[in-house]
$ cat query-v6.cif   # mmCIF, C-alpha atoms
data_my_file
loop_
_atom_site.label_atom_id
_atom_site.label_comp_id
_atom_site.auth_asym_id
_atom_site.auth_seq_id
_atom_site.Cartn_x
_atom_site.Cartn_y
_atom_site.Cartn_z
CA MET K 27 176.56 -38.92 170.53
CA GLU K 28 173.87 -36.22 170.51
CA GLN K 29 171.97 -38.07 167.80
CA MET K 30 172.09 -41.30 169.79
CA MET K 31 170.71 -39.50 172.85
CA ASP K 32 167.81 -38.02 170.91
CA ASP K 33 167.08 -41.33 169.19
CA SER K 34 167.00 -42.96 172.63
CA ASN K 35 164.39 -40.42 173.76
CA GLU K 36 162.06 -41.24 170.86
CA TYR K 37 162.87 -44.94 171.19
CA LEU K 38 161.33 -44.87 174.68
CA LEU K 39 158.12 -43.44 173.28
CA LYS K 40 157.94 -45.67 170.23
CA GLU K 41 159.23 -49.18 170.88
CA ALA K 42 161.03 -49.73 174.19
CA PRO K 43 159.48 -52.40 176.47
CA VAL K 44 156.55 -50.76 178.20
CA LYS K 45 157.84 -51.23 181.75
CA LYS K 46 161.22 -49.79 180.74
CA ALA K 47 159.54 -46.87 178.95
CA VAL K 48 157.33 -46.01 181.94
CA LEU K 49 160.25 -46.23 184.36
CA ASN K 50 162.65 -44.23 182.18
CA LEU K 51 160.08 -41.50 181.59
CA SER K 52 158.66 -41.41 185.11
CA VAL K 53 161.63 -41.95 187.44
CA PRO K 54 163.39 -38.72 186.38
CA MET K 55 160.09 -36.90 186.84
CA MET K 56 159.58 -38.53 190.24
CA ILE K 57 163.06 -37.49 191.34
CA GLY K 58 162.64 -33.98 189.99
CA THR K 59 159.17 -33.33 191.38
CA SER K 60 159.83 -34.95 194.77
CA VAL K 61 163.07 -33.01 195.18
CA GLY K 62 161.08 -29.92 194.26
CA ALA K 63 158.63 -30.77 197.03
CA ILE K 64 161.53 -31.19 199.42
CA TYR K 65 162.78 -27.70 198.66
CA ASN K 66 159.30 -26.35 199.42
CA VAL K 67 159.59 -28.12 202.77
CA VAL K 68 163.08 -26.70 203.29
CA ASN K 69 161.77 -23.23 202.41
CA ALA K 70 159.23 -23.51 205.21
CA TYR K 71 161.91 -25.01 207.46
CA PHE K 72 164.22 -21.99 207.16
CA ILE K 73 161.31 -19.62 207.79
CA GLY K 74 160.37 -21.84 210.74
CA LEU K 75 163.84 -21.33 212.24
CA LEU K 76 162.86 -17.71 212.79
CA HIS K 77 160.13 -18.93 215.20
CA ASN K 78 157.57 -16.52 213.78
CA THR K 79 154.17 -18.05 213.11
CA HIS K 80 153.10 -14.92 211.20
CA MET K 81 155.86 -15.51 208.64
CA ILE K 82 154.85 -19.14 208.14
CA SER K 83 151.26 -17.97 207.74
CA ALA K 84 152.34 -15.30 205.22
CA ILE K 85 154.05 -17.78 202.88
CA THR K 86 151.01 -20.05 203.22
CA ILE K 87 148.65 -17.19 202.38
CA GLY K 88 150.78 -16.39 199.32
CA THR K 89 150.34 -19.89 197.87
CA PRO K 90 147.49 -18.91 195.49
CA VAL K 91 149.78 -16.35 193.82
CA PHE K 92 152.39 -19.01 193.14
CA ILE K 93 149.66 -21.34 191.89
CA ALA K 94 148.47 -18.63 189.47
CA LEU K 95 151.99 -18.14 188.07
CA MET K 96 152.43 -21.88 187.79
CA ALA K 97 148.99 -22.26 186.18
CA ILE K 98 149.85 -19.98 183.26
CA GLY K 99 153.03 -21.91 182.60
CA THR K 100 151.28 -25.23 182.92
CA MET K 101 148.46 -24.14 180.60
CA PHE K 102 150.81 -23.35 177.73
CA GLY K 103 153.27 -26.10 178.69
CA VAL K 104 150.85 -29.02 178.87
CA GLY K 105 148.79 -27.79 175.91
CA ALA K 106 151.86 -27.27 173.71
CA SER K 107 153.81 -30.35 174.79
CA THR K 108 151.06 -32.91 174.19
CA TYR K 109 150.45 -31.41 170.73
CA ILE K 110 154.21 -31.37 170.01
CA THR K 111 154.49 -35.06 170.90
CA ARG K 112 151.63 -35.96 168.56
CA LEU K 113 153.28 -33.91 165.78
CA ILE K 114 156.64 -35.61 166.33
CA ALA K 115 154.92 -39.00 166.09
CA VAL K 116 153.75 -38.11 162.57
CA LYS K 117 157.13 -36.46 161.66
CA ASN K 118 155.78 -32.89 161.46
CA THR K 119 158.70 -31.20 163.23
CA ALA K 120 158.24 -27.87 161.43
CA LYS K 121 154.87 -27.32 163.08
CA ALA K 122 156.19 -28.72 166.38
CA LYS K 123 158.76 -25.88 166.50
CA LYS K 124 156.04 -23.31 165.89
CA VAL K 125 153.94 -24.75 168.72
CA ALA K 126 156.93 -24.67 171.10
CA GLY K 127 157.68 -21.04 170.22
CA TYR K 128 154.07 -20.03 170.66
CA GLY K 129 153.91 -21.64 174.11
CA PHE K 130 157.15 -19.96 175.20
CA TYR K 131 156.30 -16.41 174.16
CA MET K 132 152.67 -16.52 175.25
CA SER K 133 153.65 -17.72 178.74
CA LEU K 134 156.11 -14.82 178.97
CA ILE K 135 153.59 -12.20 177.85
CA VAL K 136 150.78 -13.40 180.13
CA ALA K 137 153.11 -13.75 183.14
CA LEU K 138 154.36 -10.18 182.76
CA LEU K 139 150.80 -8.88 182.51
CA LEU K 140 149.78 -10.86 185.58
CA GLY K 141 152.75 -9.48 187.52
CA VAL K 142 151.99 -5.86 186.63
CA ILE K 143 148.29 -6.19 187.48
CA GLY K 144 149.08 -7.96 190.74
CA VAL K 145 151.55 -5.32 191.94
CA VAL K 146 149.26 -2.43 191.00
CA ALA K 147 146.33 -4.05 192.82
CA ILE K 148 148.37 -5.46 195.71
CA ASN K 149 146.19 -4.20 198.57
CA PRO K 150 142.88 -5.54 197.19
CA LEU K 151 144.75 -8.76 196.34
CA LEU K 152 145.98 -9.20 199.91
CA LYS K 153 142.47 -8.58 201.20
CA LEU K 154 141.18 -11.23 198.81
CA LEU K 155 143.85 -13.64 200.06
CA GLY K 156 142.47 -13.28 203.58
CA VAL K 157 145.49 -11.48 205.07
CA ASP K 158 144.92 -10.12 208.57
CA ALA K 159 146.67 -7.20 210.29
CA ALA K 160 149.18 -9.39 212.15
CA MET K 161 150.70 -10.88 209.00
CA HIS K 162 150.00 -8.02 206.56
CA SER K 163 153.56 -6.69 206.34
CA TYR K 164 155.07 -10.14 205.77
CA ALA K 165 152.39 -11.13 203.25
CA TRP K 166 152.87 -7.84 201.32
CA GLN K 167 156.63 -8.39 201.07
CA TYR K 168 156.30 -12.05 200.04
CA VAL K 169 153.54 -11.60 197.45
CA VAL K 170 155.05 -8.53 195.78
CA THR K 171 158.40 -10.30 195.43
CA LEU K 172 156.68 -13.37 193.99
CA LEU K 173 154.88 -11.22 191.41
CA VAL K 174 157.98 -9.27 190.36
CA THR K 175 160.00 -12.46 189.79
CA GLY K 176 156.98 -14.50 188.66
CA PHE K 177 157.79 -14.62 184.95
CA THR K 178 160.68 -16.99 185.73
CA THR K 179 158.29 -19.40 187.43
CA THR K 180 155.81 -19.31 184.56
CA ILE K 181 158.35 -19.78 181.76
CA ASN K 182 160.12 -22.51 183.70
CA PHE K 183 156.91 -24.54 184.00
CA THR K 184 156.21 -24.08 180.27
CA LEU K 185 159.68 -25.07 179.07
CA GLU K 186 159.91 -28.07 181.40
CA GLN K 187 156.81 -29.51 179.73
CA VAL K 188 158.13 -28.72 176.24
CA VAL K 189 161.42 -30.50 177.01
CA ARG K 190 159.50 -33.64 177.97
CA SER K 191 157.44 -33.53 174.79
CA GLU K 192 160.10 -35.45 172.87
CA GLY K 193 160.75 -37.94 175.67
CA ALA K 194 163.69 -36.08 177.26
CA ALA K 195 162.71 -37.00 180.83
CA LYS K 196 166.29 -36.97 182.12
CA GLU K 197 166.89 -33.46 180.82
CA SER K 198 163.65 -32.38 182.47
CA MET K 199 164.94 -33.85 185.73
CA TYR K 200 168.30 -32.09 185.38
CA GLY K 201 166.49 -28.76 185.16
CA MET K 202 164.47 -29.54 188.29
CA ILE K 203 167.62 -30.53 190.18
CA ILE K 204 169.29 -27.27 189.13
CA ASN K 205 166.19 -25.49 190.40
CA VAL K 206 166.38 -27.22 193.77
CA GLY K 207 170.13 -26.76 194.12
CA VAL K 208 169.92 -23.01 193.52
CA ASN K 209 166.99 -22.70 195.92
CA LEU K 210 168.80 -24.61 198.66
CA LEU K 211 171.79 -22.32 198.20
CA PHE K 212 169.83 -19.08 198.29
CA ASP K 213 167.31 -20.01 201.01
CA PRO K 214 169.71 -19.91 204.00
CA LEU K 215 171.75 -17.11 202.41
CA LEU K 216 168.81 -14.77 201.84
CA ILE K 217 166.49 -15.78 204.69
CA LEU K 218 168.97 -16.20 207.54
CA PHE K 219 172.34 -14.61 206.73
CA LEU K 220 171.09 -11.53 204.87
CA HIS K 221 167.99 -11.37 207.11
CA LEU K 222 165.59 -10.87 204.18
CA HIS K 223 163.14 -13.35 205.76
CA VAL K 224 160.00 -13.80 203.58
CA ILE K 225 161.45 -11.58 200.83
CA GLY K 226 164.44 -13.90 200.78
CA ALA K 227 162.17 -16.94 200.48
CA ALA K 228 160.44 -15.44 197.42
CA LEU K 229 163.73 -14.28 195.85
CA ALA K 230 165.16 -17.78 196.28
CA ILE K 231 162.20 -19.18 194.35
CA GLY K 232 162.75 -16.63 191.56
CA ALA K 233 166.49 -17.34 191.34
CA ALA K 234 165.90 -21.09 191.24
CA ASN K 235 163.33 -20.83 188.46
CA LEU K 236 165.58 -18.49 186.47
CA ALA K 237 168.43 -21.00 186.64
CA SER K 238 166.37 -23.96 185.43
CA MET K 239 164.64 -21.79 182.81
CA LEU K 240 168.03 -20.90 181.32
CA TYR K 241 169.04 -24.56 181.31
CA TYR K 242 165.89 -25.57 179.42
CA LEU K 243 166.47 -22.78 176.88
CA TYR K 244 170.01 -24.03 176.37
CA TYR K 245 168.87 -27.62 175.90
CA LEU K 246 166.07 -26.80 173.48
CA SER K 247 168.24 -24.41 171.45
CA SER K 248 171.36 -26.57 171.14
CA LYS K 249 170.61 -30.21 172.06
CA SER K 250 167.05 -30.96 171.00
CA GLU K 251 166.74 -32.91 167.75
CA HIS K 252 163.20 -31.81 166.93
CA LEU K 253 162.86 -28.32 168.41
CA LYS K 254 166.07 -26.41 167.65
CA GLY K 255 165.19 -22.93 166.46
CA PHE K 256 161.82 -22.90 168.22
CA ALA K 257 162.51 -19.44 169.69
CA SER K 258 162.35 -17.87 166.23
CA HIS K 259 158.63 -18.71 166.06
CA ILE K 260 155.86 -16.88 167.87
CA PHE K 261 152.81 -16.93 165.60
CA LEU K 262 150.50 -19.91 165.22
CA SER K 263 147.34 -20.43 163.20
CA LEU K 264 144.04 -20.11 165.05
CA LYS K 265 143.32 -23.79 164.50
CA ASP K 266 146.62 -24.81 166.08
CA GLN K 267 146.14 -22.36 168.96
CA ILE K 268 142.83 -24.05 169.70
CA GLU K 269 144.58 -27.43 169.62
CA VAL K 270 147.00 -26.16 172.27
CA LEU K 271 144.44 -24.39 174.41
CA LYS K 272 141.75 -27.08 174.44
CA ILE K 273 144.10 -29.16 176.59
CA GLY K 274 145.91 -26.30 178.30
CA VAL K 275 142.76 -24.50 179.40
CA SER K 276 141.75 -27.53 181.46
CA GLU K 277 144.96 -27.10 183.44
CA LEU K 278 144.23 -23.40 183.86
CA MET K 279 140.71 -24.16 185.09
CA ASN K 280 142.06 -26.76 187.46
CA SER K 281 144.58 -24.31 188.87
CA GLY K 282 142.08 -21.44 188.84
CA PHE K 283 139.58 -23.29 190.97
CA MET K 284 142.48 -24.55 193.09
CA ILE K 285 143.27 -20.89 193.80
CA ILE K 286 139.64 -20.24 194.76
CA SER K 287 139.55 -23.28 197.01
CA THR K 288 142.88 -22.29 198.59
CA LEU K 289 141.52 -18.80 199.20
CA LEU K 290 138.46 -20.29 200.90
CA LEU K 291 140.65 -22.55 203.01
CA ASN K 292 142.81 -19.59 204.00
CA ILE K 293 139.83 -17.37 204.82
CA TYR K 294 138.19 -20.02 207.00
CA ALA K 295 141.48 -21.22 208.49
CA VAL K 296 142.30 -17.69 209.68
CA ARG K 297 139.10 -17.79 211.74
CA TYR K 298 140.46 -20.77 213.67
CA GLY K 299 143.76 -19.01 214.49
CA ASP K 300 147.34 -18.79 213.25
CA ASP K 301 148.12 -22.36 214.37
CA VAL K 302 145.57 -23.70 211.88
CA VAL K 303 146.87 -21.51 209.04
CA ALA K 304 150.47 -22.53 209.77
CA GLY K 305 149.35 -26.15 210.20
CA PHE K 306 147.84 -26.18 206.71
CA GLY K 307 151.07 -24.67 205.36
CA ILE K 308 153.36 -27.24 206.97
CA ALA K 309 151.10 -30.24 206.27
CA THR K 310 150.67 -29.20 202.63
CA ARG K 311 154.43 -29.05 202.12
CA LEU K 312 155.01 -32.41 203.81
CA VAL K 313 152.34 -34.23 201.84
CA GLN K 314 153.79 -32.85 198.61
CA VAL K 315 156.57 -35.45 198.78
CA PRO K 316 154.34 -38.52 198.18
CA GLN K 317 152.00 -36.44 196.01
CA PHE K 318 154.82 -35.28 193.75
CA LEU K 319 156.17 -38.82 193.43
CA VAL K 320 152.76 -39.86 192.10
CA MET K 321 152.68 -36.79 189.86
CA GLY K 322 156.03 -37.92 188.49
CA ILE K 323 154.34 -41.06 187.21
CA PHE K 324 151.32 -39.54 185.50
CA PHE K 325 153.17 -36.50 184.15
CA GLY K 326 156.01 -38.73 182.98
CA VAL K 327 153.81 -41.00 180.89
CA ILE K 328 151.74 -38.28 179.19
CA PRO K 329 154.20 -38.11 176.23
CA LEU K 330 154.01 -41.92 176.01
CA PHE K 331 150.22 -41.75 175.80
CA ALA K 332 150.36 -38.92 173.22
CA TYR K 333 152.93 -40.60 170.96
CA ASN K 334 151.24 -44.02 170.82
CA TYR K 335 147.73 -42.63 170.46
CA SER K 336 148.87 -40.47 167.52
CA SER K 337 150.70 -43.40 165.92
CA LYS K 338 147.59 -45.59 166.51
CA ASN K 339 149.38 -48.15 168.70
CA LYS K 340 146.46 -48.82 171.05
CA GLU K 341 147.96 -52.00 172.47
CA ARG K 342 151.03 -50.10 173.68
CA LEU K 343 148.84 -47.22 174.89
CA ASN K 344 146.71 -49.52 177.03
CA ALA K 345 149.74 -51.40 178.40
CA SER K 346 151.35 -48.09 179.35
CA PHE K 347 148.26 -47.02 181.28
CA LYS K 348 148.07 -50.31 183.22
CA THR K 349 151.76 -50.22 184.08
CA ALA K 350 151.57 -46.63 185.29
CA CYS K 351 148.53 -47.54 187.41
CA ALA K 352 150.47 -50.37 189.08
CA PHE K 353 153.40 -48.07 189.91
CA ILE K 354 151.08 -45.43 191.39
CA THR K 355 149.48 -48.08 193.62
CA LEU K 356 152.89 -49.09 194.94
CA ILE K 357 154.06 -45.52 195.53
CA VAL K 358 150.87 -44.49 197.32
CA PHE K 359 151.03 -47.48 199.65
CA VAL K 360 154.72 -47.15 200.55
CA PHE K 361 155.22 -43.42 200.83
CA VAL K 362 151.88 -42.45 202.33
CA SER K 363 152.47 -45.11 204.99
CA LEU K 364 156.00 -43.88 205.76
CA THR K 365 154.98 -40.22 205.90
CA TYR K 366 152.14 -41.05 208.28
CA LEU K 367 154.33 -43.30 210.44
CA PHE K 368 156.96 -40.59 211.02
CA ARG K 369 154.57 -37.63 211.09
CA TYR K 370 155.35 -36.48 214.65
CA PRO K 371 159.16 -36.25 214.42
CA ILE K 372 158.86 -34.62 210.99
CA LEU K 373 156.39 -32.00 212.20
CA GLY K 374 158.69 -31.33 215.16
CA LEU K 375 161.35 -30.12 212.73
CA PHE K 376 159.24 -27.09 211.83
CA THR K 377 158.04 -25.85 215.18
CA ASP K 378 158.41 -26.35 218.92
CA SER K 379 154.77 -25.42 219.48
CA SER K 380 152.85 -28.45 220.76
CA SER K 381 149.52 -26.97 219.66
CA LEU K 382 150.82 -26.42 216.12
CA VAL K 383 152.17 -29.98 215.96
CA GLN K 384 148.79 -31.32 217.08
CA VAL K 385 146.87 -29.34 214.45
CA GLY K 386 149.46 -30.12 211.76
CA GLU K 387 149.22 -33.86 212.45
CA TYR K 388 145.44 -33.83 212.00
CA ILE K 389 145.64 -31.86 208.74
CA LEU K 390 148.48 -34.07 207.48
CA THR K 391 146.39 -37.21 208.05
CA ALA K 392 143.57 -35.85 205.89
CA SER K 393 146.02 -34.66 203.23
CA LEU K 394 147.62 -38.10 202.95
CA ALA K 395 144.17 -39.65 202.47
CA THR K 396 143.57 -37.12 199.67
CA THR K 397 146.75 -38.30 197.92
CA ILE K 398 145.36 -41.81 197.48
CA PHE K 399 142.47 -40.65 195.29
CA ASN K 400 144.30 -37.75 193.63
CA GLY K 401 146.97 -39.99 192.11
CA PHE K 402 144.57 -42.20 190.14
CA ALA K 403 142.38 -39.28 189.09
CA GLY K 404 145.53 -37.57 187.82
CA LEU K 405 146.52 -40.60 185.75
CA ILE K 406 143.10 -40.74 184.08
CA LEU K 407 143.25 -37.02 183.35
CA GLY K 408 146.76 -37.52 181.94
CA MET K 409 145.41 -40.13 179.53
CA PHE K 410 142.86 -37.66 178.18
CA GLN K 411 145.44 -34.87 177.96
CA GLY K 412 147.93 -37.06 176.13
CA THR K 413 145.36 -38.29 173.64
CA GLY K 414 144.16 -34.74 172.93
CA LYS K 415 140.59 -35.29 174.10
CA GLY K 416 139.68 -31.76 175.07
CA LEU K 417 136.05 -32.26 176.14
CA PRO K 418 136.54 -34.93 178.83
CA THR K 419 139.73 -33.20 179.95
CA ILE K 420 137.90 -29.92 180.53
CA ILE K 421 134.84 -31.57 182.08
CA ILE K 422 136.90 -33.62 184.55
CA SER K 423 138.99 -30.57 185.47
CA ILE K 424 135.92 -28.42 186.05
CA ILE K 425 134.17 -31.07 188.13
CA GLN K 426 137.33 -31.84 190.12
CA SER K 427 138.14 -28.20 190.78
CA LEU K 428 134.71 -26.59 191.06
CA LEU K 429 133.30 -29.25 193.36
CA ILE K 430 135.59 -28.39 196.26
CA ILE K 431 134.06 -24.91 196.65
CA PRO K 432 130.54 -25.98 197.73
CA ILE K 433 132.06 -28.87 199.69
CA ILE K 434 134.27 -26.47 201.69
CA LEU K 435 131.29 -24.20 202.34
CA TYR K 436 129.00 -27.07 203.35
CA MET K 437 131.49 -29.00 205.50
CA ASN K 438 132.83 -25.93 207.29
CA SER K 439 129.28 -24.77 208.00
CA ASN K 440 128.17 -28.15 209.35
CA PHE K 441 131.32 -29.67 210.87
CA GLY K 442 133.53 -26.66 211.68
CA LEU K 443 137.29 -27.22 211.61
CA HIS K 444 136.85 -30.97 211.04
CA GLY K 445 134.85 -30.27 207.90
CA LEU K 446 137.43 -27.77 206.65
CA VAL K 447 140.27 -30.25 207.13
CA TRP K 448 138.51 -33.13 205.32
CA ALA K 449 136.87 -31.13 202.51
CA SER K 450 139.68 -31.79 200.02
CA THR K 451 139.63 -35.52 200.75
CA VAL K 452 135.90 -35.76 200.07
CA THR K 453 136.31 -33.75 196.85
CA GLU K 454 139.15 -35.91 195.50
CA PHE K 455 137.20 -39.09 196.26
CA ILE K 456 134.22 -37.84 194.24
CA ALA K 457 136.53 -36.63 191.44
CA PHE K 458 138.18 -40.06 191.37
CA LEU K 459 134.81 -41.78 190.90
CA ILE K 460 133.85 -39.35 188.12
CA GLY K 461 137.20 -39.87 186.40
CA VAL K 462 136.74 -43.65 186.45
CA GLY K 463 133.31 -43.23 184.90
CA PHE K 464 134.67 -41.10 182.07
CA TYR K 465 137.53 -43.53 181.46
CA PHE K 466 135.16 -46.45 180.93
CA TYR K 467 132.96 -44.30 178.69
CA TYR K 468 135.93 -43.54 176.40
CA ARG K 469 137.58 -46.92 176.93
CA LYS K 470 136.91 -48.06 173.35
CA ASP K 471 139.16 -45.28 172.05
CA PHE K 472 142.12 -46.60 174.04
CA HIS K 473 141.76 -50.33 173.40
CA THR K 474 142.01 -52.51 170.34
CA ALA K 475 138.79 -54.11 169.20
#
$ encode --input "query-v6.cif" --output "structure tokens"
Amino acid sequence: MEQMMDDSNEYLLKEAPVKKAVLNLSVPMMIGTSVGAIYNVVNAYFIGLLHNTHMISAITIGTPVFIALMAIGTMFGVGASTYITRLIAVKNTAKAKKVAGYGFYMSLIVALLLGVIGVVAINPLLKLLGVDAAMHSYAWQYVVTLLVTGFTTTINFTLEQVVRSEGAAKESMYGMIINVGVNLLFDPLLILFLHLHVIGAALAIGAANLASMLYYLYYLSSKSEHLKGFASHIFLSLKDQIEVLKIGVSELMNSGFMIISTLLLNIYAVRYGDDVVAGFGIATRLVQVPQFLVMGIFFGVIPLFAYNYSSKNKERLNASFKTACAFITLIVFVFVSLTYLFRYPILGLFTDSSSLVQVGEYILTASLATTIFNGFAGLILGMFQGTGKGLPTIIISIIQSLLIIPIILYMNSNFGLHGLVWASTVTEFIAFLIGVGFYFYYRKDFHTA
């Protein structure tokens, strides 16, 4: 039975009908990532029940810390997983295990170092995050707890990517569902019943990531056909490390500049008042639902791109890209429309403040527009990641991430709050155009003559 399951995973990558392959790889990711977005919304919902805008602002201000922890995991996860898939395609499972082990242990080591440095330098860090006196206590509690439990977040993101490297999309989804289930259990328990408030919110995140991390370790150690025994490997040749990092570093850059842009947004948002800070926090969590559905598509098909590029099946590679593009178009149209249509009653679930609802609605509108361009840019970037093309991957990531910084500065300076709200939309539109240009430049590598 186990062998049949594993064969089915590789069958999806190698020879299943393209539509079936895209659906089977992406739907579990869509379910997992969208449910993950829902628990982020629920997290904010339980904090919102306390009717304390400073607490909502504190968990919003702490977002860059979570992004940093996630970025380390994603760097080693995406870099290792795409390389693992290409190795599996050419039957080099021995090296694939070494790559998986390297990604696992390096994410652990870097996450622990990041946590120690963050806790030691907590006061300068909070100042950098733009924390003001009113929310300082809540932000301190939330950020310190995130840092102490952060290694679970980092390793979870790494292992989730490694699990998907051999086409095990359902197992990846199961881990995400475990994550969400544990979070939904601990959120009300810790935040409301034990009155831990923002500490409880951060502890719930740590517990959820620990649970899914342990599940992924169990799967890889006992169920995986290609990667059993990966945990006994930690060392990798310099050449293979470069192969991992040339793709992974682009994700780190993307997340790194995302942190900088989030910091800028926080710093400028604070100047417009707590309603604006909280509005960004609520709108960001709401828009994650359609955004994460789209992410489920382009993250889900990365192993499909990697496998068929490595096995030189360009016809299947190209068909996979077109099919994924069609699904993203459908998802963006349906879910962005629905989220916008029901924006007022949804925002009303988080606060009874009319001014906060008004600001949140405006920010949500801009964020939904951003989703339209972000989805297609993400798919193009996924194609380059899957095919191991480090240079365009890094260039697109740098342009996409770095561009938002001068755009935030320019638009806030010239258009005030309106410019701040729409800065991300303008950036993603430009990044989308650049991504399309790069795709057509490298198009010959993805298509048969």
$ closest_residue --input "query-v6.cif" --among "K:Leu185, K:Leu151, K:Ile87, K:Leu138" --to "Asp300 (chain K)" --atoms "all atoms listed in the file"
K:Ile87
$ resolve_selection --input "query-v6.cif" --expression "the PyMOL selection byres ((chain K and resi 342-352) around 8)" --output "list in words"
Val44, Lys45, Val48, Ile323, Phe324, Val327, Leu330, Phe331, Asn334, Tyr335, Asn339, Lys340, Glu341, Phe353, Ile354, Thr355, Leu356, Phe402, Leu405, Met409, Phe472 and His473 of chain K
$ resolve_selection --input "query-v6.cif" --expression "the PyMOL selection byres ((chain K and resi 368-382) around 8)" --output "NGL selection string"
:K and (70-71 or 74-75 or 77 or 301-302 or 304-305 or 308 or 364-367 or 383-387 or 390)
$ atom_distance --input "query-v6.cif" --atom1 "CA of Asp158 (chain K)" --atom2 "CA of Leu289 (chain K)"
13.2 Å
$ residues_near_point --input "query-v6.cif" --point "(159.1, -32.8, 176.5)" --cutoff "12 Å" --atoms "only C-alpha atoms" --output "JSON, numbers by chain"
{"K": [32, 35, 36, 39, 51, 55, 103, 104, 105, 106, 107, 108, 109, 110, 111, 112, 114, 122, 126, 183, 184, 185, 186, 187, 188, 189, 190, 191, 192, 193, 194, 195, 196, 197, 198, 199, 242, 245, 246, 250, 251, 252, 253, 325, 326, 327, 328, 329, 330, 332, 333, 412]}
$ atom_distance --input "query-v6.cif" --atom1 "CA of His162 (chain K)" --atom2 "CA of Ile73 (chain K)"
16.2 Å
$ residues_around --input "query-v6.cif" --residues "Leu210 (chain K)" --least-positions-apart "2" --cutoff "9 Å" --atoms "all atoms listed in the file" --output "VMD selection string"
chain K and resid 65 68 to 69 205 to 208 212 to 215 230 234
$ atom_distance --input "query-v6.cif" --atom1 "CA of Gly144 (chain K)" --atom2 "CA of Leu172 (chain K)"
9.9 Å
$ closest_residue --input "query-v6.cif" --among "K:Ser276, K:Leu443, K:Ile389, K:Lys470" --to "Gln426 (chain K)" --atoms "only C-alpha atoms"
K:Ser276
$ closest_residue --input "query-v6.cif" --among "K:Ala165, K:Phe410, K:Ser238, K:Gln317" --to "Tyr467 (chain K)" --atoms "all atoms listed in the file"
K:Phe410
$ closest_residue --input "query-v6.cif" --among "K:Ile430, K:Gly141, K:Met321, K:Thr310" --to "Ser52 (chain K)" --atoms "all atoms listed in the file"
K:Met321
$ closest_residue --input "query-v6.cif" --among "K:Leu278, K:His221, K:Leu229, K:Gly408" --to "Val170 (chain K)" --atoms "all atoms listed in the file"
K:Leu229
$ closest_residue --input "query-v6.cif" --among "K:Ser427, K:Ile433, K:Glu41, K:Tyr131" --to "Phe261 (chain K)" --atoms "all atoms listed in the file"
K:Tyr131
$ residues_around --input "query-v6.cif" --residues "Ile148 (chain K)" --least-positions-apart "4" --cutoff "9 Å" --atoms "only C-alpha atoms" --output "list in words"
Ile143, Gly144, Leu152, Lys153, Trp166, Val169 and Val170 of chain K
$ residues_around --input "query-v6.cif" --residues "Val275 (chain K)" --least-positions-apart "2" --cutoff "8 Å" --atoms "only C-alpha atoms" --output "count of residues only"
9
